[in-house]
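Asks: I'd like to ask some things about the structure below.
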Amino acid sequence: MGMRNEIAIGIDLGGTNIKAGLVNGDGSIIHRLSLPTEAQKGPEALMDRLAEIISALQAYAGGLALKIRGVGIGSAGQINSEKDVVMGATANLPGWAGMRLSQLLQSRSGLPVAIDNDANAMAFGEAWVGAGRNWRDFVCVTLGTGVGGCMILGRRPYRGRDGFAGEFGHHVIEAGGISCNCGRIGCWEQYASVTALIRMVRERATPGLLATPKDVFNSAREGYGPALDLVDDYARYVAIGLANLIHTFNPQGIVIGGAVTEQGDFLFSRIRQMVARGLLPVYGEAAEPIPIVPAELGNDGGVVGAVAEYFI
């Protein structure tokens, strides 16, 4: 049996939904499942749910005579993958902290189980078969409910001492700014996340500027002044953080994931221009521009990335 018959089980564990699939050596999902997380039922029930998903996918793979290399899980929260323990849980996964996921699921499924945080998993997927596949070292940022991130070094996530690296959303860009639910003031997450964009829309509810980010982008595309101003302000906030990351890491590129990437160059060209203005002169004089590109794997990024280490 060569690589062709080999697959892995990828699981993207979010606060609302669990997405899972059988992923082959090309990074394609050949069979998928999605179900509500129901985290409020507690961590034991959630473990049972994960074990059931794994055994359903094992059965399906068995029916196709596929060999399973292992299971990969990308979970919300802070994960120490080396010690196999959920160190910090998000509010969406009550009781999750302290769980030893791999150990428990390994003994139930008989398969190796690797666990990582969801932003690392997404970045690992982009490094394997997505927008970062031609780079050794790049920065991945997800603009969603919050701002997640991961530094890919040598095509592997850089996890830091405790597995907490890549919390880019909590570097401060506005010293006297908006308070963040992490307890600090002026975190990038409070300006660059989709949640922040929604807040900005609410704060500026001018007649004709509609209620959602999508409406704002649509109005901006039609040339409506207040909507254009808002998109420019949002792009500027995103660019401040990206310029900080470029100064810190000098990466080969930056990959951005999250729903806002649907806006394509309308948003990205603004971000690129504003980043260029915010960088040390040497970046403009002596160096090629650092590419800033949208993620390519979309909603499948978490499932595919969770198993990247079995194939990359």
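A note on labels: chains of the structure tokens are A, B, ... as shown, every chain counts residues from 1, and ligands are counted from 1 in their shown order.
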If you count only C-alpha atoms, which residues fall within 10 Å of Ile246 of chain A, apart from same-chain ones fewer than 3 positions away, as a list of chain:residue names?
Replies: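 Everything that qualifies: A:Phe138, A:Val139, A:Gly241, A:Leu242, A:Ala243, A:Phe249, A:Asn250, A:Pro251, A:Gln252, A:Gly253, A:Ile254, A:Val275, A:Leu279, A:Leu280, A:Tyr283, A:Ile290.
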Asks: Would you write out those residues with N, CA, C and O atoms, as a tab-separated table (two decimals), in the first residue's frame?
Replies:
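Listing of again_18.tsv after writing:
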```
chain	number	residue	atom	x	y	z
A	138	PHE	N	6.48	32.14	6.60
A	138	PHE	CA	5.50	33.20	6.36
A	138	PHE	C	4.63	33.40	7.60
A	138	PHE	O	4.64	32.59	8.53
A	139	VAL	N	3.90	34.50	7.58
A	139	VAL	CA	3.00	34.81	8.68
A	139	VAL	C	1.57	34.61	8.20
A	139	VAL	O	1.22	35.02	7.08
A	241	GLY	N	-1.08	46.57	12.09
A	241	GLY	CA	-0.63	45.31	12.68
A	241	GLY	C	0.26	44.51	11.74
A	241	GLY	O	1.26	43.93	12.16
A	242	LEU	N	-0.09	44.50	10.45
A	242	LEU	CA	0.72	43.74	9.49
A	242	LEU	C	2.12	44.35	9.36
A	242	LEU	O	3.10	43.61	9.28
A	243	ALA	N	2.21	45.67	9.36
A	243	ALA	CA	3.53	46.31	9.28
A	243	ALA	C	4.36	45.94	10.51
A	243	ALA	O	5.57	45.68	10.40
A	249	PHE	N	9.26	39.96	11.79
A	249	PHE	CA	9.64	38.67	11.21
A	249	PHE	C	10.30	38.75	9.84
A	249	PHE	O	10.92	37.78	9.41
A	250	ASN	N	10.12	39.85	9.10
A	250	ASN	CA	10.59	39.92	7.71
A	250	ASN	C	10.27	38.61	6.96
A	250	ASN	O	11.15	37.93	6.45
A	251	PRO	N	8.98	38.24	6.91
A	251	PRO	CA	8.61	36.95	6.33
A	251	PRO	C	8.67	36.97	4.80
A	251	PRO	O	8.77	38.04	4.19
A	252	GLN	N	8.58	35.78	4.20
A	252	GLN	CA	8.51	35.71	2.73
A	252	GLN	C	7.16	36.21	2.22
A	252	GLN	O	7.05	36.65	1.08
A	253	GLY	N	6.15	36.12	3.06
A	253	GLY	CA	4.84	36.59	2.65
A	253	GLY	C	3.89	36.58	3.84
A	253	GLY	O	4.24	36.10	4.93
A	254	ILE	N	2.71	37.13	3.61
A	254	ILE	CA	1.65	37.12	4.62
A	254	ILE	C	0.40	36.55	3.99
A	254	ILE	O	0.00	36.95	2.88
A	275	VAL	N	0.21	49.24	4.12
A	275	VAL	CA	1.36	48.55	4.72
A	275	VAL	C	2.65	49.15	4.15
A	275	VAL	O	3.57	49.48	4.90
A	279	LEU	N	6.13	50.94	6.37
A	279	LEU	CA	7.35	50.15	6.57
A	279	LEU	C	8.60	51.02	6.51
A	279	LEU	O	8.61	52.09	5.90
A	280	LEU	N	9.66	50.53	7.13
A	280	LEU	CA	10.97	51.19	7.04
A	280	LEU	C	11.32	51.44	5.57
A	280	LEU	O	11.02	50.61	4.72
A	283	TYR	N	12.48	48.77	2.96
A	283	TYR	CA	11.53	47.85	2.34
A	283	TYR	C	11.09	48.35	0.96
A	283	TYR	O	10.75	47.55	0.09
A	290	ILE	N	6.74	42.62	0.10
A	290	ILE	CA	6.35	41.34	0.70
A	290	ILE	C	4.91	41.04	0.29
A	290	ILE	O	4.02	41.86	0.54
```
Asks: Neighbouring residues of Gly176 of chain A were defined as those with any atom within 7 Å, considering only C-alpha atoms; residues of the same chain fewer than 2 positions away were excluded. Please report them as a CSV table (one decimal) with all heavy atoms, in the first residue's frame.
Replies:
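Here's the written file part_30.csv:
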```csv
chain,number,residue,atom,x,y,z
A,174,GLU,N,-3.0,50.7,19.9
A,174,GLU,CA,-3.6,52.0,20.3
A,174,GLU,C,-3.6,52.1,21.8
A,174,GLU,O,-4.4,51.5,22.5
A,174,GLU,CB,-5.1,52.0,19.8
A,174,GLU,CG,-5.8,53.3,19.8
A,174,GLU,CD,-5.4,54.3,18.7
A,174,GLU,OE1,-5.8,54.0,17.5
A,174,GLU,OE2,-4.7,55.2,19.0
A,185,ILE,N,-5.6,47.1,26.9
A,185,ILE,CA,-6.3,48.2,26.2
A,185,ILE,C,-5.7,48.3,24.9
A,185,ILE,O,-4.5,48.4,24.7
A,185,ILE,CB,-6.1,49.5,27.0
A,185,ILE,CG1,-6.4,49.3,28.5
A,185,ILE,CG2,-6.8,50.7,26.4
A,185,ILE,CD1,-7.9,49.4,28.8
A,186,GLY,N,-6.5,48.5,23.8
A,186,GLY,CA,-6.0,48.8,22.5
A,186,GLY,C,-5.4,47.7,21.7
A,186,GLY,O,-4.6,47.9,20.8
```
Asks: At a cut-off of 10 Å, can you tabulate as JSON lines every residue of segment 6-25 of chain A near segment 72-90 of chain A together with its closest atom pair and the distance in Å to one decimal, using only C-alpha atoms and ordering rows by chain then number?
Replies:
```
{"residue": "A:Ala8", "atom": "CA", "partner": "A:Gly72", "partner_atom": "CA", "distance": 7.5}
{"residue": "A:Ile9", "atom": "CA", "partner": "A:Gly72", "partner_atom": "CA", "distance": 6.2}
{"residue": "A:Gly10", "atom": "CA", "partner": "A:Gly72", "partner_atom": "CA", "distance": 5.0}
{"residue": "A:Ile11", "atom": "CA", "partner": "A:Ile73", "partner_atom": "CA", "distance": 4.7}
{"residue": "A:Asp12", "atom": "CA", "partner": "A:Gly74", "partner_atom": "CA", "distance": 5.0}
{"residue": "A:Leu13", "atom": "CA", "partner": "A:Ser75", "partner_atom": "CA", "distance": 4.7}
{"residue": "A:Gly14", "atom": "CA", "partner": "A:Ala76", "partner_atom": "CA", "distance": 5.8}
{"residue": "A:Gly15", "atom": "CA", "partner": "A:Ala76", "partner_atom": "CA", "distance": 7.2}
{"residue": "A:Ile18", "atom": "CA", "partner": "A:Ser75", "partner_atom": "CA", "distance": 9.4}
{"residue": "A:Ala20", "atom": "CA", "partner": "A:Ile73", "partner_atom": "CA", "distance": 9.0}
```
Asks: So, counting only C-alpha atoms, which residue among A:Met200, A:Leu35, A:Val307, A:Met47 is closest to Asp116 of chain A?
Replies: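 Nearest candidate to Asp116 of chain A out of A:Met200, A:Leu35, A:Val307, A:Met47: A:Val307.
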Asks: Pick out each residue of segment 119-271 of chain A that DSSP on the backbone tags as strand (DSSP E); I need them as a VMD selection string.
Replies: chain A and resid 138 to 143 147 to 153 156 to 158 254 to 257
Asks: Identify, on the basis of only C-alpha atoms, every residue whose closest approach to Pro213 of chain A does not exceed 9 Å; exclude the query and any residue fewer than 4 positions from it along the same chain; express the result as a PyMOL selection string.
Replies: chain A and resi 194+197-198+201+217-218+260
Asks: Give me a file of those residues, with N, CA and C atoms, as an mmCIF file, in the first residue's frame.
Replies:
```
data_model
loop_
_atom_site.group_PDB
_atom_site.id
_atom_site.type_symbol
_atom_site.label_atom_id
_atom_site.label_comp_id
_atom_site.auth_asym_id
_atom_site.auth_seq_id
_atom_site.Cartn_x
_atom_site.Cartn_y
_atom_site.Cartn_z
ATOM 1 N N VAL A 194 -13.416 41.021 12.382
ATOM 2 C CA VAL A 194 -14.722 41.288 11.780
ATOM 3 C C VAL A 194 -15.654 41.871 12.845
ATOM 4 N N LEU A 197 -15.060 45.446 12.862
ATOM 5 C CA LEU A 197 -15.671 46.071 11.688
ATOM 6 C C LEU A 197 -17.162 46.289 11.927
ATOM 7 N N ILE A 198 -17.818 45.285 12.523
ATOM 8 C CA ILE A 198 -19.255 45.408 12.833
ATOM 9 C C ILE A 198 -19.485 46.559 13.814
ATOM 10 N N VAL A 201 -19.221 49.827 12.009
ATOM 11 C CA VAL A 201 -20.436 50.071 11.211
ATOM 12 C C VAL A 201 -21.535 50.640 12.114
ATOM 13 N N PHE A 217 -19.189 47.195 2.260
ATOM 14 C CA PHE A 217 -18.322 46.952 1.113
ATOM 15 C C PHE A 217 -19.072 47.200 -0.199
ATOM 16 N N ASN A 218 -20.340 46.756 -0.251
ATOM 17 C CA ASN A 218 -21.119 46.982 -1.479
ATOM 18 C C ASN A 218 -21.295 48.474 -1.750
ATOM 19 N N VAL A 260 -13.422 38.280 5.490
ATOM 20 C CA VAL A 260 -13.154 39.521 4.733
ATOM 21 C C VAL A 260 -12.352 39.269 3.455
#
```
